Structures are given as structure tokens and as C-alpha cells.
Amino acid sequence: TQLLEQSPQFLSIQEGENLTVYCNSSSVFSSLQWYRQEPGEGPVLLVTVVTGGEVKKLKRLTFQFGDARKDSSLHITAAQPGDTGLYLCAGARRIQGAQKLVFGQGTRLTINP
Amino acid sequence: KAGVTQTPRYLIKTRGQQVTLSCSPISGHRSVSWYQQTPGQGLQFLFEYFSETQRNKGNFPGRFSGRQFSNSRSEMNVSTLELGDSALYLCASSLSGAYNEQFFGPGTRLTVL
């Protein structure tokens, strides 16, 4: 059972369209991170959200942390081919007495020119 | 500031062999975590080292081991390789812990034949 469920798993859209990626869980997280991974490279941190209801913007990317800190979303406006990549969400929570980071399965996004 | 480096970038081994992967974290980062990434399972946490001590461990068999040196560099060893060990192995460093923002290296692509 995946602790963090991302949807959709795959998304292919045309340049200029908007999209939203979701990261859901039944567990509460102390913080949630979003990463983007391009082929042949490791994931790169995009943002960390900490407070329930928090919204952060990074140019055309908008990240939101759910009020109950169980879910998050990533919205991209006017997607560009450079946005192509694997988007991963990762939640920090205490598991078996230790703070751990749990990753979702990822959303593979393709933006077609 | 130099990023996380991993060597080698690519490795081909046969079943039954063992392999050692190396990771140099960002200067000043004391936490080094290792992850296995496969298309089917996504990003799975192997273990975290902090100040030369293993602080966290994922659900992997004892064939997977690691260590950290006094300069924070880390190595991961996999003994008696199996076909299913073929994956991208990612190292990530952090200032304070595996639950905090991770800075990933480019990974080592291991293929077991």
C-alpha cells in the first residue's frame, strides 16, 4: 500500500494548456516537498510546504498544501516543453519513532510542442 | 557550491557478484541517504547515515549495506546481486536529516545480467 498516492501517473498535454497533479494520503504530514526529475538526473527540489492551507508560487507553478496536511496539489499554468519530467511529492512524518520522508510514485508529465 | 556526486554513473554486473557505489555529499551536509528507484516501485528509501552512524533504515534485505566516513562521504554495498537489483541508485544529502529537503546526485544506473 502506497502511503502517498499521486494522480495521474501519466499526463501528456499540448503546450499552453493548464494541468493539475495531485498527491493524496490518509496520513498527516509535518511537511510536503515537490521534486522534478529529468531523464538521467536525480530529483531536484521545487518547493516545501509546511502549513496547512499554504500556497506557494514558483513562476507558472502553484503548490498547495491541504488544510489537514494530508494532501497537496501542483498546478501548472500555460505548460511549456521545459516542464516535461517526473514530478514527485514527498511527505515527512514520524514512522516507528523516526522522522522519515515518504515518496509518491510520481507523475510523468509530457508537454508536446 | 558543488552538488552531490556519485560514482560510477553506470555499472553492469552479473548475478552473484557484489557492487560498491560511492557518494560525496554537498560540503557541510552531514546526512546522506540512499534510495533505489525502479519504474515499478518508484523511489524507495534504503538507509540514512548521519555522522558516520546509520540513523534510519528502509525495508531492504541485509544484502544492502552502507557506511559513512568522517568526511561525510558514503558508500553503499550490495552483495550477491540479483536480477531485481537492477535500478537507479540515488544518493541524497541534507543538512539535518532524511526527512528534510534532499539534494540528490545524478544516480548510479546498475544493470544486473
# chains A, B, ... in the order shown; residues from 1 in each chain; ligands from 1
>>> closest_atom_pairs(of="chain B", to="chain A", cutoff="12 Å", atoms="only C-alpha atoms", output="JSON lines")
{"residue": "B:Gly3", "atom": "CA", "partner": "A:Gly42", "partner_atom": "CA", "distance": 11.1}
{"residue": "B:Val4", "atom": "CA", "partner": "A:Gly42", "partner_atom": "CA", "distance": 9.7}
{"residue": "B:Thr5", "atom": "CA", "partner": "A:Gly42", "partner_atom": "CA", "distance": 10.5}
{"residue": "B:Gln6", "atom": "CA", "partner": "A:Gly42", "partner_atom": "CA", "distance": 10.5}
{"residue": "B:Arg9", "atom": "CA", "partner": "A:Gly40", "partner_atom": "CA", "distance": 9.6}
{"residue": "B:Tyr10", "atom": "CA", "partner": "A:Gly40", "partner_atom": "CA", "distance": 10.7}
{"residue": "B:Ser33", "atom": "CA", "partner": "A:Leu101", "partner_atom": "CA", "distance": 10.5}
{"residue": "B:Trp34", "atom": "CA", "partner": "A:Gly42", "partner_atom": "CA", "distance": 11.8}
{"residue": "B:Tyr35", "atom": "CA", "partner": "A:Phe103", "partner_atom": "CA", "distance": 10.4}
{"residue": "B:Gln36", "atom": "CA", "partner": "A:Gly42", "partner_atom": "CA", "distance": 11.4}
{"residue": "B:Gln37", "atom": "CA", "partner": "A:Gln105", "partner_atom": "CA", "distance": 9.9}
{"residue": "B:Thr38", "atom": "CA", "partner": "A:Gln105", "partner_atom": "CA", "distance": 9.9}
{"residue": "B:Pro39", "atom": "CA", "partner": "A:Gln105", "partner_atom": "CA", "distance": 8.8}
{"residue": "B:Gly40", "atom": "CA", "partner": "A:Gln105", "partner_atom": "CA", "distance": 8.6}
{"residue": "B:Gln41", "atom": "CA", "partner": "A:Gln105", "partner_atom": "CA", "distance": 7.2}
{"residue": "B:Gly42", "atom": "CA", "partner": "A:Gln105", "partner_atom": "CA", "distance": 5.0}
{"residue": "B:Leu43", "atom": "CA", "partner": "A:Phe103", "partner_atom": "CA", "distance": 6.3}
{"residue": "B:Gln44", "atom": "CA", "partner": "A:Phe103", "partner_atom": "CA", "distance": 7.5}
{"residue": "B:Phe45", "atom": "CA", "partner": "A:Val102", "partner_atom": "CA", "distance": 7.9}
{"residue": "B:Leu46", "atom": "CA", "partner": "A:Leu101", "partner_atom": "CA", "distance": 11.4}
{"residue": "B:Phe47", "atom": "CA", "partner": "A:Lys100", "partner_atom": "CA", "distance": 10.4}
{"residue": "B:Glu48", "atom": "CA", "partner": "A:Lys100", "partner_atom": "CA", "distance": 9.8}
{"residue": "B:Arg55", "atom": "CA", "partner": "A:Ala98", "partner_atom": "CA", "distance": 8.8}
{"residue": "B:Asn56", "atom": "CA", "partner": "A:Ala98", "partner_atom": "CA", "distance": 7.4}
{"residue": "B:Lys57", "atom": "CA", "partner": "A:Lys100", "partner_atom": "CA", "distance": 9.6}
{"residue": "B:Gly58", "atom": "CA", "partner": "A:Lys100", "partner_atom": "CA", "distance": 9.7}
{"residue": "B:Leu88", "atom": "CA", "partner": "A:Gly42", "partner_atom": "CA", "distance": 9.4}
{"residue": "B:Tyr89", "atom": "CA", "partner": "A:Gly42", "partner_atom": "CA", "distance": 9.5}
{"residue": "B:Leu90", "atom": "CA", "partner": "A:Gly42", "partner_atom": "CA", "distance": 6.8}
{"residue": "B:Cys91", "atom": "CA", "partner": "A:Gly42", "partner_atom": "CA", "distance": 8.5}
{"residue": "B:Ala92", "atom": "CA", "partner": "A:Gly42", "partner_atom": "CA", "distance": 8.8}
{"residue": "B:Ser93", "atom": "CA", "partner": "A:Gly42", "partner_atom": "CA", "distance": 11.8}
{"residue": "B:Ser94", "atom": "CA", "partner": "A:Leu45", "partner_atom": "CA", "distance": 11.7}
{"residue": "B:Ser96", "atom": "CA", "partner": "A:Gln99", "partner_atom": "CA", "distance": 11.3}
{"residue": "B:Gly97", "atom": "CA", "partner": "A:Gln99", "partner_atom": "CA", "distance": 8.4}
{"residue": "B:Ala98", "atom": "CA", "partner": "A:Lys100", "partner_atom": "CA", "distance": 6.3}
{"residue": "B:Tyr99", "atom": "CA", "partner": "A:Leu101", "partner_atom": "CA", "distance": 4.6}
{"residue": "B:Asn100", "atom": "CA", "partner": "A:Ala92", "partner_atom": "CA", "distance": 7.5}
{"residue": "B:Glu101", "atom": "CA", "partner": "A:Leu45", "partner_atom": "CA", "distance": 7.2}
{"residue": "B:Gln102", "atom": "CA", "partner": "A:Leu45", "partner_atom": "CA", "distance": 7.1}
{"residue": "B:Phe103", "atom": "CA", "partner": "A:Val44", "partner_atom": "CA", "distance": 6.8}
{"residue": "B:Phe104", "atom": "CA", "partner": "A:Gly42", "partner_atom": "CA", "distance": 5.3}
{"residue": "B:Gly105", "atom": "CA", "partner": "A:Gly42", "partner_atom": "CA", "distance": 5.4}
{"residue": "B:Pro106", "atom": "CA", "partner": "A:Glu41", "partner_atom": "CA", "distance": 4.4}
{"residue": "B:Gly107", "atom": "CA", "partner": "A:Gly42", "partner_atom": "CA", "distance": 6.1}
{"residue": "B:Thr108", "atom": "CA", "partner": "A:Gly40", "partner_atom": "CA", "distance": 9.5}
{"residue": "B:Arg109", "atom": "CA", "partner": "A:Gly40", "partner_atom": "CA", "distance": 9.0}
>>> residues_around(residues="Leu81 in chain B", least_positions_apart="3", cutoff="8 Å", atoms="only C-alpha atoms", output="list in words")
Lys13, Thr14, Arg15, Gly16, Gln17, Gln18, Val19, Val78, Asp85 and Val112 of chain B
>>> write_last_selection(atoms="N, CA, C and O atoms", output="compact mmCIF listing (two decimals), in the first residue's frame")
# COMPACT_ATOMS: atom_id res chain seq x y z
N LYS B 13 26.80 -5.62 -13.93
CA LYS B 13 27.30 -6.74 -13.14
C LYS B 13 26.49 -7.98 -13.48
O LYS B 13 25.42 -7.90 -14.11
N THR B 14 26.98 -9.14 -13.04
CA THR B 14 26.24 -10.38 -13.22
C THR B 14 25.73 -10.87 -11.88
O THR B 14 26.25 -10.49 -10.82
N ARG B 15 24.73 -11.72 -11.94
CA ARG B 15 24.13 -12.27 -10.72
C ARG B 15 25.20 -12.90 -9.83
O ARG B 15 26.11 -13.58 -10.32
N GLY B 16 25.08 -12.69 -8.52
CA GLY B 16 26.00 -13.27 -7.58
C GLY B 16 27.18 -12.38 -7.23
O GLY B 16 27.82 -12.57 -6.19
N GLN B 17 27.46 -11.40 -8.09
CA GLN B 17 28.57 -10.50 -7.79
C GLN B 17 28.16 -9.48 -6.72
O GLN B 17 27.00 -9.42 -6.31
N GLN B 18 29.13 -8.71 -6.29
CA GLN B 18 28.82 -7.63 -5.37
C GLN B 18 29.25 -6.31 -5.98
O GLN B 18 30.04 -6.28 -6.93
N VAL B 19 28.71 -5.22 -5.46
CA VAL B 19 29.00 -3.92 -6.03
C VAL B 19 29.09 -2.88 -4.91
O VAL B 19 28.42 -2.99 -3.89
N VAL B 78 26.11 -3.72 -2.25
CA VAL B 78 25.10 -4.75 -2.46
C VAL B 78 25.83 -6.05 -2.75
O VAL B 78 26.63 -6.13 -3.70
N ASP B 85 17.79 -6.37 -8.61
CA ASP B 85 18.54 -5.24 -8.05
C ASP B 85 18.84 -4.19 -9.12
O ASP B 85 19.36 -3.12 -8.80
N VAL B 112 21.98 -5.60 -13.69
CA VAL B 112 22.43 -6.94 -13.29
C VAL B 112 21.98 -7.93 -14.36
O VAL B 112 20.78 -8.03 -14.66
>>> closest_residue(among="B:Ile12, B:Ser22, B:Arg30, B:Leu113", to="Gly66 in chain B", atoms="only C-alpha atoms")
B:Ser22
>>> residues_around(residues="Phe65 in chain A", least_positions_apart="5", cutoff="12 Å", atoms="only C-alpha atoms", output="JSON, numbers by chain")
{"A": [22, 23, 24, 25, 28, 29, 30, 31, 32, 33, 34, 47, 48, 49, 50, 51, 52, 53, 54, 55, 56, 57, 70, 71, 72, 73, 74, 75, 89, 90, 91]}
>>> write_last_selection(atoms="N, CA, C and O atoms", output="CSV table (one decimal), in the first residue's frame")
chain,number,residue,atom,x,y,z
A,22,TYR,N,-2.0,15.7,-8.4
A,22,TYR,CA,-2.5,15.5,-7.0
A,22,TYR,C,-1.6,14.5,-6.3
A,22,TYR,O,-1.1,13.6,-6.8
A,23,CYS,N,-1.5,14.8,-5.0
A,23,CYS,CA,-0.8,13.9,-4.1
A,23,CYS,C,-1.6,13.7,-2.8
A,23,CYS,O,-1.9,14.7,-2.1
A,24,ASN,N,-2.1,12.5,-2.6
A,24,ASN,CA,-3.1,12.3,-1.6
A,24,ASN,C,-2.7,11.2,-0.6
A,24,ASN,O,-2.0,10.3,-1.0
A,25,SER,N,-3.1,11.4,0.6
A,25,SER,CA,-2.8,10.4,1.7
A,25,SER,C,-3.9,10.4,2.7
A,25,SER,O,-4.6,11.4,2.9
A,28,VAL,N,-1.3,12.3,8.0
A,28,VAL,CA,-0.9,13.7,8.2
A,28,VAL,C,0.6,13.8,8.1
A,28,VAL,O,1.3,13.0,8.7
A,29,PHE,N,1.0,14.8,7.4
A,29,PHE,CA,2.5,15.0,7.2
A,29,PHE,C,2.9,16.4,7.9
A,29,PHE,O,2.1,17.3,7.9
A,30,SER,N,4.1,16.4,8.4
A,30,SER,CA,4.6,17.7,9.0
A,30,SER,C,5.0,18.6,7.9
A,30,SER,O,5.0,19.8,8.1
A,31,SER,N,5.4,18.1,6.8
A,31,SER,CA,5.7,19.0,5.6
A,31,SER,C,5.6,18.1,4.4
A,31,SER,O,5.6,16.9,4.4
A,32,LEU,N,5.5,18.8,3.2
A,32,LEU,CA,5.5,18.1,2.0
A,32,LEU,C,6.4,18.8,1.0
A,32,LEU,O,6.4,20.0,0.9
A,33,GLN,N,7.1,18.0,0.3
A,33,GLN,CA,8.0,18.5,-0.7
A,33,GLN,C,7.6,18.1,-2.1
A,33,GLN,O,7.1,17.0,-2.3
A,34,TRP,N,7.9,18.9,-3.1
A,34,TRP,CA,7.7,18.5,-4.5
A,34,TRP,C,9.1,18.6,-5.2
A,34,TRP,O,9.9,19.5,-5.0
A,47,VAL,N,9.9,22.8,-4.1
A,47,VAL,CA,9.3,23.6,-3.1
A,47,VAL,C,9.0,22.7,-1.9
A,47,VAL,O,8.9,21.5,-2.0
A,48,THR,N,8.9,23.3,-0.7
A,48,THR,CA,8.5,22.7,0.5
A,48,THR,C,7.3,23.5,1.1
A,48,THR,O,7.4,24.7,1.2
A,49,VAL,N,6.2,22.8,1.4
A,49,VAL,CA,5.1,23.4,2.1
A,49,VAL,C,5.0,22.8,3.5
A,49,VAL,O,5.1,21.6,3.7
A,50,VAL,N,4.7,23.7,4.4
A,50,VAL,CA,4.7,23.2,5.8
A,50,VAL,C,3.4,23.5,6.6
A,50,VAL,O,3.0,22.6,7.4
A,51,THR,N,2.7,24.5,6.2
A,51,THR,CA,1.5,24.9,7.0
A,51,THR,C,0.2,24.5,6.2
A,51,THR,O,0.2,24.6,5.0
A,52,GLY,N,-0.7,23.9,6.9
A,52,GLY,CA,-2.0,23.5,6.3
A,52,GLY,C,-2.6,24.7,5.6
A,52,GLY,O,-2.7,25.8,6.2
A,53,GLY,N,-3.0,24.5,4.3
A,53,GLY,CA,-3.6,25.6,3.6
A,53,GLY,C,-2.6,26.5,2.8
A,53,GLY,O,-3.0,27.4,2.1
A,54,GLU,N,-1.4,26.2,3.0
A,54,GLU,CA,-0.3,27.1,2.5
A,54,GLU,C,-0.3,27.0,0.9
A,54,GLU,O,-0.5,25.9,0.4
A,55,VAL,N,-0.1,28.1,0.3
A,55,VAL,CA,0.0,28.2,-1.2
A,55,VAL,C,1.3,28.8,-1.5
A,55,VAL,O,1.6,29.9,-1.0
A,56,LYS,N,2.1,28.2,-2.4
A,56,LYS,CA,3.4,28.8,-2.8
A,56,LYS,C,3.4,28.8,-4.3
A,56,LYS,O,2.9,27.9,-5.0
A,57,LYS,N,3.9,29.9,-4.9
A,57,LYS,CA,4.0,30.0,-6.3
A,57,LYS,C,5.5,30.1,-6.7
A,57,LYS,O,6.3,30.8,-6.1
A,70,LYS,N,-2.9,16.5,4.7
A,70,LYS,CA,-2.9,15.1,4.2
A,70,LYS,C,-2.7,15.1,2.7
A,70,LYS,O,-2.5,14.0,2.1
A,71,ASP,N,-2.8,16.2,2.0
A,71,ASP,CA,-2.8,16.2,0.5
A,71,ASP,C,-2.2,17.5,0.0
A,71,ASP,O,-2.1,18.5,0.7
A,72,SER,N,-1.8,17.4,-1.2
A,72,SER,CA,-1.2,18.5,-1.9
A,72,SER,C,-1.5,18.5,-3.4
A,72,SER,O,-1.8,17.4,-3.9
A,73,SER,N,-1.4,19.7,-4.0
A,73,SER,CA,-1.6,19.7,-5.4
A,73,SER,C,-0.5,20.6,-6.1
A,73,SER,O,0.0,21.5,-5.4
A,74,LEU,N,-0.2,20.3,-7.3
A,74,LEU,CA,0.7,21.2,-8.1
A,74,LEU,C,-0.1,21.6,-9.4
A,74,LEU,O,-0.5,20.7,-10.1
A,75,HIS,N,-0.2,22.9,-9.6
A,75,HIS,CA,-0.9,23.4,-10.8
A,75,HIS,C,0.1,24.1,-11.6
A,75,HIS,O,0.8,24.9,-11.2
A,89,CYS,N,6.1,13.9,-5.2
A,89,CYS,CA,5.8,14.5,-4.0
A,89,CYS,C,6.4,13.6,-2.9
A,89,CYS,O,6.5,12.4,-3.0
A,90,ALA,N,6.8,14.2,-1.8
A,90,ALA,CA,7.4,13.5,-0.7
A,90,ALA,C,6.9,14.1,0.6
A,90,ALA,O,7.0,15.3,0.8
A,91,GLY,N,6.4,13.3,1.5
A,91,GLY,CA,5.8,13.8,2.8
A,91,GLY,C,6.7,13.3,3.9
A,91,GLY,O,7.2,12.2,4.0
>>> select_by_dssp(residues="range 53-104 of chain B", states="strand (DSSP E)", output="short mmCIF file (atom, residue, chain, number, x, y, z; two decimals) with C-alpha atoms, in the first residue's frame")
data_model
loop_
_atom_site.label_atom_id
_atom_site.label_comp_id
_atom_site.auth_asym_id
_atom_site.auth_seq_id
_atom_site.Cartn_x
_atom_site.Cartn_y
_atom_site.Cartn_z
CA THR B 53 26.06 6.26 12.11
CA GLN B 54 23.13 4.59 10.42
CA ARG B 55 20.15 6.54 11.68
CA ASN B 56 17.29 5.17 9.57
CA LYS B 57 16.73 2.04 7.58
CA PHE B 64 22.18 -3.96 1.10
CA SER B 65 24.57 -2.19 3.43
CA GLY B 66 26.30 1.12 3.70
CA ARG B 67 28.72 3.21 5.64
CA GLN B 68 29.75 6.80 6.07
CA SER B 74 29.25 7.44 1.90
CA GLU B 75 29.38 4.07 0.21
CA MET B 76 26.65 1.57 -0.45
CA ASN B 77 27.33 -2.10 -0.97
CA VAL B 78 25.10 -4.75 -2.46
CA ALA B 87 17.78 0.04 -10.72
CA LEU B 88 18.89 3.64 -10.45
CA TYR B 89 20.54 4.16 -7.08
CA LEU B 90 20.29 7.71 -5.85
CA CYS B 91 22.22 9.35 -3.09
CA ALA B 92 20.91 12.47 -1.40
CA SER B 93 22.44 14.76 1.16
CA SER B 94 20.80 17.07 3.64
CA PHE B 103 19.74 17.28 -2.58
CA PHE B 104 20.12 14.39 -4.96
#
>>> closest_residue(among="B:Ser86, B:Thr111, B:Ser51, B:Ser31", to="Phe69 in chain B", atoms="only C-alpha atoms")
B:Ser51
